[in-house]
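K.L.:
Following this line is model31.csv, made up of CSV, C-alpha atoms:
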chain,number,residue,atom,x,y,z
B,1255,MET,CA,-45.0,13.4,-39.6
B,1256,LYS,CA,-44.7,15.5,-36.5
B,1257,SER,CA,-43.7,13.8,-33.2
B,1258,PRO,CA,-46.3,13.9,-30.5
B,1259,PRO,CA,-45.7,16.6,-27.8
B,1260,LEU,CA,-43.9,15.5,-24.7
B,1261,THR,CA,-46.0,15.3,-21.6
B,1262,PHE,CA,-44.9,17.0,-18.3
B,1263,SER,CA,-44.0,13.5,-16.9
B,1264,ALA,CA,-41.8,12.7,-19.9
B,1265,VAL,CA,-40.0,16.0,-19.6
B,1266,LEU,CA,-39.4,15.6,-15.9
B,1267,LEU,CA,-38.1,12.0,-16.4
B,1268,SER,CA,-35.8,13.1,-19.2
B,1269,GLY,CA,-34.4,15.9,-17.0
B,1270,LEU,CA,-33.8,13.5,-14.1
B,1271,LEU,CA,-32.0,11.0,-16.3
B,1272,LEU,CA,-29.7,13.7,-17.7
B,1273,ALA,CA,-29.0,14.9,-14.2
B,1274,VAL,CA,-28.1,11.4,-13.0
B,1275,ALA,CA,-25.9,10.8,-16.1
B,1276,GLY,CA,-24.0,14.0,-15.5
B,1277,ALA,CA,-23.6,13.7,-11.7
B,1278,PRO,CA,-20.5,11.9,-10.3
B,1279,CYS,CA,-21.1,8.6,-8.5
B,1280,ARG,CA,-21.3,9.0,-4.7
B,1281,ALA,CA,-18.6,6.3,-4.3
B,1282,ASP,CA,-16.3,8.4,-6.5
B,1283,GLN,CA,-17.0,11.5,-4.5
B,1284,ALA,CA,-16.2,9.6,-1.3
B,1285,LEU,CA,-13.0,8.2,-2.7
B,1286,ALA,CA,-11.9,11.6,-3.9
B,1287,GLN,CA,-12.4,13.0,-0.4
B,1288,VAL,CA,-10.6,10.1,1.3
B,1289,ILE,CA,-7.6,10.5,-1.1
B,1290,ALA,CA,-7.3,14.1,-0.2
B,1291,ARG,CA,-7.1,13.1,3.5
B,1292,VAL,CA,-4.8,10.1,2.9
B,1293,LYS,CA,-2.1,11.8,0.7
B,1294,PRO,CA,-0.5,13.9,3.4
B,1295,SER,CA,0.2,10.7,5.4
B,1296,VAL,CA,1.7,8.7,2.5
B,1297,VAL,CA,5.5,9.3,2.2
B,1298,GLY,CA,8.4,8.1,0.1
B,1299,VAL,CA,11.1,6.0,1.8
B,1300,GLY,CA,14.8,6.0,1.0
B,1301,SER,CA,18.1,7.7,1.8
B,1302,LEU,CA,19.9,10.9,1.1
B,1303,GLN,CA,23.6,11.2,0.3
B,1304,ALA,CA,25.0,14.6,-0.7
B,1305,THR,CA,27.8,13.2,-2.9
B,1306,ARG,CA,25.5,10.9,-4.9
B,1307,THR,CA,23.8,11.7,-8.2
B,1308,PRO,CA,20.9,12.0,-7.7
B,1309,PRO,CA,21.3,12.6,-3.9
B,1310,MET,CA,18.0,10.9,-3.1
B,1311,ASN,CA,17.6,7.1,-3.5
B,1312,PHE,CA,13.9,6.3,-3.5
B,1313,LEU,CA,13.2,2.7,-2.4
B,1314,GLY,CA,9.4,2.5,-1.7
B,1315,THR,CA,6.4,3.9,-0.1
B,1316,GLY,CA,5.4,4.2,3.6
B,1317,PHE,CA,2.7,5.8,5.6
B,1318,VAL,CA,2.4,7.6,8.9
B,1319,ALA,CA,0.6,5.9,11.8
B,1320,GLY,CA,0.3,6.0,15.6
B,1321,ASP,CA,1.4,9.3,17.1
B,1322,GLY,CA,2.4,10.8,13.8
B,1323,LEU,CA,6.1,10.0,14.3
B,1324,SER,CA,5.9,6.4,13.3
B,1325,VAL,CA,6.1,5.4,9.6
B,1326,LEU,CA,5.2,1.9,8.5
B,1327,THR,CA,6.7,0.3,5.3
B,1328,CYS,CA,7.8,-3.1,4.1
B,1329,ALA,CA,11.0,-4.8,5.4
B,1330,HIS,CA,12.2,-5.5,1.9
B,1331,VAL,CA,12.0,-1.7,1.2
B,1332,VAL,CA,14.5,-0.8,4.0
B,1333,GLN,CA,16.7,-3.9,3.6
B,1334,LYS,CA,19.4,-1.9,1.7
B,1335,LEU,CA,19.2,0.8,4.3
B,1336,LEU,CA,20.4,-1.5,7.1
B,1337,ASP,CA,23.9,-1.3,5.6
B,1338,ALA,CA,23.8,2.5,4.9
B,1339,SER,CA,27.1,4.3,4.8
B,1340,PRO,CA,28.0,6.8,7.5
B,1341,ASP,CA,27.4,9.8,5.2
B,1342,GLU,CA,24.0,8.4,4.0
B,1343,SER,CA,20.9,9.6,5.9
B,1344,ILE,CA,17.9,7.3,6.1
B,1345,GLY,CA,14.6,9.1,5.9
B,1346,ILE,CA,11.3,9.9,4.2
B,1347,LEU,CA,10.1,12.2,1.5
B,1348,THR,CA,7.0,14.3,2.4
B,1349,GLY,CA,4.9,16.5,0.2
B,1350,GLN,CA,4.8,16.0,-3.6
B,1351,GLY,CA,6.3,17.3,-6.8
B,1352,GLU,CA,8.9,20.1,-6.6
B,1353,ALA,CA,7.8,20.8,-3.0
B,1354,ALA,CA,8.9,17.3,-1.7
B,1355,GLN,CA,11.2,17.5,1.3
B,1356,PHE,CA,13.5,14.9,2.8
B,1357,ARG,CA,13.1,14.3,6.5
B,1358,PRO,CA,15.6,12.0,8.5
B,1359,ALA,CA,14.4,8.9,10.3
B,1360,ARG,CA,15.7,5.9,12.0
B,1361,ILE,CA,14.8,2.2,11.6
B,1362,GLN,CA,13.2,1.3,14.9
B,1363,ALA,CA,12.0,-2.3,14.2
B,1364,VAL,CA,12.0,-4.8,11.4
B,1365,ASP,CA,9.7,-7.8,11.2
B,1366,THR,CA,11.0,-9.9,8.3
B,1367,GLU,CA,8.4,-12.7,8.8
B,1368,HIS,CA,5.6,-10.3,7.9
B,1369,ASP,CA,7.7,-8.1,5.8
B,1370,LEU,CA,7.2,-5.0,7.9
B,1371,ALA,CA,9.4,-2.2,9.1
B,1372,LEU,CA,8.9,0.7,11.5
B,1373,LEU,CA,10.7,4.0,11.0
B,1374,ARG,CA,10.7,6.7,13.7
B,1375,LEU,CA,10.8,10.4,13.0
B,1376,ALA,CA,11.9,13.2,15.3
B,1377,GLY,CA,10.4,16.6,15.5
B,1378,ALA,CA,6.8,17.7,14.7
B,1379,PRO,CA,4.3,14.8,14.0
B,1380,LEU,CA,2.7,14.3,10.6
B,1381,PRO,CA,-1.0,13.5,9.9
B,1382,ALA,CA,-1.5,9.8,10.8
B,1383,LEU,CA,-3.8,7.2,9.3
B,1384,ALA,CA,-6.0,5.1,11.6
B,1385,LEU,CA,-5.9,1.3,11.4
B,1386,GLY,CA,-9.1,-0.7,11.0
B,1387,ASP,CA,-9.8,-4.2,12.2
B,1388,ALA,CA,-8.2,-6.4,9.5
B,1389,ALA,CA,-10.2,-9.4,10.8
B,1390,THR,CA,-13.4,-7.8,9.4
B,1391,VAL,CA,-12.1,-7.8,5.8
B,1392,ARG,CA,-14.0,-10.1,3.5
B,1393,GLU,CA,-13.6,-11.3,-0.1
B,1394,GLY,CA,-15.2,-9.0,-2.6
B,1395,GLN,CA,-14.6,-5.9,-0.4
B,1396,ALA,CA,-13.7,-2.7,-2.2
B,1397,MET,CA,-10.3,-1.2,-1.3
B,1398,ALA,CA,-7.8,1.4,-2.6
B,1399,PHE,CA,-4.1,2.0,-2.1
B,1400,THR,CA,-2.0,5.1,-2.6
B,1401,GLY,CA,1.7,5.1,-3.2
B,1402,PHE,CA,4.5,6.0,-5.6
B,1403,PRO,CA,4.7,3.3,-8.3
B,1404,LEU,CA,7.1,5.3,-10.5
B,1405,GLY,CA,9.1,6.5,-7.5
B,1406,THR,CA,10.7,9.9,-8.2
B,1407,LEU,CA,11.1,9.3,-12.0
B,1408,LEU,CA,8.6,12.0,-12.7
B,1409,GLY,CA,8.8,13.7,-9.4
B,1410,LEU,CA,7.1,12.6,-6.3
B,1411,HIS,CA,3.4,12.3,-7.1
B,1412,HIS,CA,0.9,10.2,-5.3
B,1413,VAL,CA,-1.0,7.5,-7.3
B,1414,THR,CA,-4.1,5.8,-6.1
B,1415,HIS,CA,-5.4,2.5,-7.4
B,1416,ARG,CA,-8.8,0.8,-6.8
B,1417,ALA,CA,-8.7,-2.8,-5.7
B,1418,THR,CA,-10.9,-5.7,-4.7
B,1419,VAL,CA,-10.1,-8.2,-2.1
B,1420,SER,CA,-10.2,-11.3,-4.4
B,1421,SER,CA,-9.0,-13.8,-1.8
B,1422,LEU,CA,-7.9,-14.3,1.8
B,1423,THR,CA,-5.0,-16.7,1.1
B,1424,PRO,CA,-2.1,-18.3,3.0
B,1425,VAL,CA,1.2,-16.5,2.5
B,1426,VAL,CA,2.7,-19.7,1.0
B,1427,ARG,CA,1.3,-23.0,-0.2
B,1428,PRO,CA,3.2,-26.3,0.0
B,1429,SER,CA,4.9,-27.3,-3.3
B,1430,ALA,CA,3.4,-30.2,-5.2
B,1431,THR,CA,6.9,-31.8,-5.6
B,1432,ALA,CA,10.2,-31.5,-3.7
B,1433,GLN,CA,11.8,-30.2,-6.9
B,1434,ARG,CA,9.9,-26.9,-6.5
B,1435,LEU,CA,11.1,-26.3,-2.9
B,1436,ASP,CA,13.8,-23.7,-2.5
B,1437,THR,CA,15.5,-22.4,0.6
B,1438,ARG,CA,13.1,-19.4,1.0
B,1439,ARG,CA,10.0,-21.6,0.6
B,1440,LEU,CA,11.3,-24.1,3.1
B,1441,ALA,CA,12.0,-21.4,5.6
B,1442,GLN,CA,8.5,-20.0,5.3
B,1443,LEU,CA,6.9,-23.5,5.6
B,1444,GLN,CA,8.7,-23.9,9.0
B,1445,LYS,CA,7.0,-20.8,10.3
B,1446,ALA,CA,3.4,-20.4,11.5
B,1447,PRO,CA,1.2,-19.7,8.4
B,1448,TYR,CA,-0.7,-16.5,8.2
B,1449,THR,CA,-3.2,-15.0,5.8
B,1450,VAL,CA,-2.6,-12.2,3.3
B,1451,PHE,CA,-5.0,-10.3,1.1
B,1452,GLN,CA,-4.9,-11.1,-2.5
B,1453,LEU,CA,-6.0,-8.1,-4.5
B,1454,ASP,CA,-7.5,-7.8,-8.0
B,1455,ALA,CA,-5.2,-4.8,-8.8
B,1456,THR,CA,-1.8,-4.1,-10.3
B,1457,ALA,CA,1.0,-2.7,-8.2
B,1458,TYR,CA,4.7,-2.0,-9.1
B,1459,PRO,CA,7.8,-2.2,-6.9
B,1460,GLY,CA,7.6,1.5,-5.8
B,1461,SER,CA,4.1,0.7,-4.5
B,1462,SER,CA,5.5,-1.6,-1.8
B,1463,GLY,CA,4.6,-0.1,1.6
B,1464,SER,CA,1.4,1.7,0.3
B,1465,PRO,CA,-1.5,1.7,2.8
B,1466,LEU,CA,-4.5,-0.4,1.7
B,1467,PHE,CA,-7.6,1.5,2.8
B,1468,ASP,CA,-11.4,1.6,2.7
B,1469,PRO,CA,-12.4,4.0,-0.1
B,1470,GLU,CA,-15.2,5.4,2.0
B,1471,THR,CA,-13.7,5.8,5.5
B,1472,GLY,CA,-9.9,5.9,4.9
B,1473,LEU,CA,-9.3,3.3,7.6
B,1474,VAL,CA,-6.2,1.2,6.7
B,1475,TYR,CA,-6.6,-2.5,6.6
B,1476,GLY,CA,-3.3,-3.7,5.2
B,1477,ILE,CA,0.0,-2.7,3.6
B,1478,VAL,CA,0.8,-3.4,-0.1
B,1479,ASN,CA,3.5,-6.0,-0.5
B,1480,MET,CA,4.5,-7.0,-4.0
B,1481,VAL,CA,8.0,-8.4,-4.2
B,1482,TYR,CA,8.2,-10.4,-1.0
B,1483,VAL,CA,4.9,-12.3,-1.2
B,1484,LYS,CA,5.0,-12.6,-5.0
B,1485,GLY,CA,8.3,-14.6,-4.8
B,1486,LEU,CA,6.7,-17.1,-2.5
B,1487,LYS,CA,3.2,-17.5,-4.0
B,1488,GLU,CA,4.0,-17.1,-7.7
B,1489,ALA,CA,7.4,-18.7,-8.2
B,1490,ALA,CA,6.0,-20.8,-11.0
B,1491,ILE,CA,4.5,-17.8,-12.9
B,1492,THR,CA,6.9,-15.9,-15.1
B,1493,ALA,CA,5.2,-12.5,-15.5
B,1494,PRO,CA,2.0,-12.2,-13.3
B,1495,SER,CA,-0.2,-9.2,-13.9
B,1496,GLY,CA,-3.3,-7.9,-12.2
B,1497,ILE,CA,-2.5,-9.6,-8.9
B,1498,THR,CA,-1.1,-7.8,-5.8
B,1499,TYR,CA,-0.8,-8.9,-2.2
B,1500,ALA,CA,-1.2,-7.0,1.1
B,1501,ILE,CA,-0.1,-7.8,4.6
B,1502,PRO,CA,-3.1,-7.5,7.0
B,1503,GLY,CA,-3.1,-4.7,9.5
B,1504,SER,CA,-3.1,-6.9,12.5
B,1505,HIS,CA,0.6,-7.4,12.1
B,1506,MET,CA,1.1,-3.6,11.8
B,1507,GLN,CA,-0.9,-3.2,15.1
B,1508,ALA,CA,1.5,-5.7,16.7
B,1509,ILE,CA,4.7,-3.9,15.6
B,1510,LEU,CA,3.4,-0.5,16.7
B,1511,LEU,CA,2.3,-1.9,20.2
B,1512,LYS,CA,5.6,-3.7,20.6
B,1513,ASN,CA,7.6,-0.5,19.9
B,1514,LYS,CA,5.6,2.1,21.9
Could the structure of this file be written out as structure tokens, please?
P.N.:
Amino acid sequence: MKSPPLTFSAVLLSGLLLAVAGAPCRADQALAQVIARVKPSVVGVGSLQATRTPPMNFLGTGFVAGDGLSVLTCAHVVQKLLDASPDESIGILTGQGEAAQFRPARIQAVDTEHDLALLRLAGAPLPALALGDAATVREGQAMAFTGFPLGTLLGLHHVTHRATVSSLTPVVRPSATAQRLDTRRLAQLQKAPYTVFQLDATAYPGSSGSPLFDPETGLVYGIVNMVYVKGLKEAAITAPSGITYAIPGSHMQAILLKNK
């Protein structure tokens, strides 16, 4: 039995459906464009020592902000650099892959309470990322972050993850019993509480210091922090997965303004 001939409307509808199925999503297009703009501002953070093998010690991610000579990262990333030896140069890695280059920097400020550090470069400025108003971030909001989760293991290559702000949560919750309190948690409880972004995404130690940005505009609303906050909020969980934390950008604004 022969099939009935297709009407003009059916042919047109079929063509439209095929076109839609084959076309990339607008959100994906926007993110791809934003990633291209963000990557030149996202750098590796570590140290260089000529007598060491390998010479470069990668510790985490950072990103350029302000006037293009300021690099924001996490305090726990640069902690080991505070005791750098005289023949060890603190700095950043720019570019990617085989073209990555080391550029010296100095640690200008460290905010251990909010796990933030500010590095200062000399010379020509780099492309800087703009900070958005972190107070406008809401639960369910789509985000993305770019960093180096594998460090320099496979060369310096930017990696971007999508994320959803799953909760606006205190940096530490009081323990149910005194037995669960340790020195670090007690110290945090004595400080003024502040909110962090809990993300429905997986990050790795090399991702610490990655900018958390809007996938459509590229505005940065936070900085990915895994090790520091995880130790406070998930001390009772052996191997958490799929949860990452980010420090809101308001604290980054503050450290930049304080160190102009």
K.L.:
Check the smallest atom-to-atom distance from each of B:Ser1301, B:Ser1295, B:Gln1287, B:Gln1333 to B:Asp1369 using only C-alpha atoms, then report the winner.
P.N.:
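Using only C-alpha atoms, the shortest distance to B:Asp1369 belongs to B:Gln1333.
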K.L.:
Taking into account all atoms listed in the file, which residue in the set B:Ser1461, B:Gln1395, B:Gln1283, B:Thr1366 is nearest to B:Thr1414?
P.N.:
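Of all the options, B:Ser1461 lies closest to B:Thr1414.
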K.L.:
Set the distance at 12 Å and use only C-alpha atoms: which residues neighbour B:Ser1339 once local chain neighbours fewer than 4 positions away are removed? I'd like the list as a ChimeraX atom specification.
P.N.:
/B:1301-1306,1334-1335,1343-1344
K.L.:
Can you tell me, as a ChimeraX atom specification, which residues sit within 9 Å of (7.6, 14.4, -3.9) in the file's frame, using only C-alpha atoms?
P.N.:
/B:1297-1298,1347-1356,1405-1406,1409-1412
K.L.:
Emit the selected residues as a PDB file, keeping the file's coordinate frame, including C-alpha atoms.
P.N.:
ATOM      1  CA  VAL B1297       5.500   9.300   2.200  1.00  0.00           C
ATOM      2  CA  GLY B1298       8.400   8.100   0.100  1.00  0.00           C
ATOM      3  CA  LEU B1347      10.100  12.200   1.500  1.00  0.00           C
ATOM      4  CA  THR B1348       7.000  14.300   2.400  1.00  0.00           C
ATOM      5  CA  GLY B1349       4.900  16.500   0.200  1.00  0.00           C
ATOM      6  CA  GLN B1350       4.800  16.000  -3.600  1.00  0.00           C
ATOM      7  CA  GLY B1351       6.300  17.300  -6.800  1.00  0.00           C
ATOM      8  CA  GLU B1352       8.900  20.100  -6.600  1.00  0.00           C
ATOM      9  CA  ALA B1353       7.800  20.800  -3.000  1.00  0.00           C
ATOM     10  CA  ALA B1354       8.900  17.300  -1.700  1.00  0.00           C
ATOM     11  CA  GLN B1355      11.200  17.500   1.300  1.00  0.00           C
ATOM     12  CA  PHE B1356      13.500  14.900   2.800  1.00  0.00           C
ATOM     13  CA  GLY B1405       9.100   6.500  -7.500  1.00  0.00           C
ATOM     14  CA  THR B1406      10.700   9.900  -8.200  1.00  0.00           C
ATOM     15  CA  GLY B1409       8.800  13.700  -9.400  1.00  0.00           C
ATOM     16  CA  LEU B1410       7.100  12.600  -6.300  1.00  0.00           C
ATOM     17  CA  HIS B1411       3.400  12.300  -7.100  1.00  0.00           C
ATOM     18  CA  HIS B1412       0.900  10.200  -5.300  1.00  0.00           C
TER      19      HIS B1412
END
K.L.:
Between atom CA of B:Leu1466 and atom CA of B:Phe1399, measure the distance and give it in Å to one decimal.
P.N.:
4.5 Å
K.L.:
Which is closer to B:Ser1464 than all the others in B:Ala1500, B:Ala1290, B:Leu1375, B:Val1450, using only C-alpha atoms?
P.N.:
B:Ala1500
K.L.:
Can you tell me which residues surround B:Tyr1458 at a distance of at most 12 Å, considering all atoms listed in the file, apart from same-chain residues fewer than 3 positions away, and format the answer as a PyMOL selection string?
P.N.:
chain B and resi 1313-1315+1399-1405+1413+1415+1455+1461-1464+1478-1481+1484+1494-1499
K.L.:
For the atom pair atom CA of B:Arg1416 and atom CA of B:Thr1327, what is the interatomic distance in Å to one decimal place?
P.N.:
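Computing the Euclidean distance for atom CA of B:Arg1416 and atom CA of B:Thr1327 yields 19.7 Å.
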K.L.:
Tell me, in Å to one decimal, how far atom CA of B:Pro1340 is from atom CA of B:Ala1359.
P.N.:
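Between atom CA of B:Pro1340 and atom CA of B:Ala1359 the gap works out to 14.0 Å.
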K.L.:
Set the distance at 9 Å and use all atoms listed in the file: which residues neighbour stretch 1505-1509 of chain B once local chain neighbours fewer than 2 positions away are removed? I'd like the list as a PyMOL selection string.
P.N.:
chain B and resi 1326+1363-1365+1368+1370-1372+1385+1476-1477+1501-1503+1511-1514
K.L.:
My list of candidates is B:Leu1373, B:Thr1449, B:Thr1390, B:Arg1291. Which is closest to B:Arg1357 when distances are computed with only C-alpha atoms?
P.N.:
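Smallest distance to B:Arg1357 is found for B:Leu1373.
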K.L.:
Would you mind listing what lies within 6 Å of stretch 1420-1426 of chain B as a compact mmCIF listing (two decimals) with C-alpha atoms, keeping the file's coordinate frame, with only C-alpha atoms counted and same-chain residues fewer than 2 positions away left out?
P.N.:
# COMPACT_ATOMS: atom_id res chain seq x y z
CA GLU B 1393 -13.60 -11.30 -0.10
CA GLY B 1394 -15.20 -9.00 -2.60
CA THR B 1418 -10.90 -5.70 -4.70
CA TYR B 1448 -0.70 -16.50 8.20
CA THR B 1449 -3.20 -15.00 5.80
CA VAL B 1450 -2.60 -12.20 3.30
CA PHE B 1451 -5.00 -10.30 1.10
CA GLN B 1452 -4.90 -11.10 -2.50
CA LEU B 1453 -6.00 -8.10 -4.50
CA ASP B 1454 -7.50 -7.80 -8.00
CA LEU B 1486 6.70 -17.10 -2.50
CA LYS B 1487 3.20 -17.50 -4.00
K.L.:
Which of these residues is nearest to B:Asp1282, using all atoms listed in the file: B:Val1299, B:Ala1398, B:Pro1459, B:Asn1311?
P.N.:
B:Ala1398
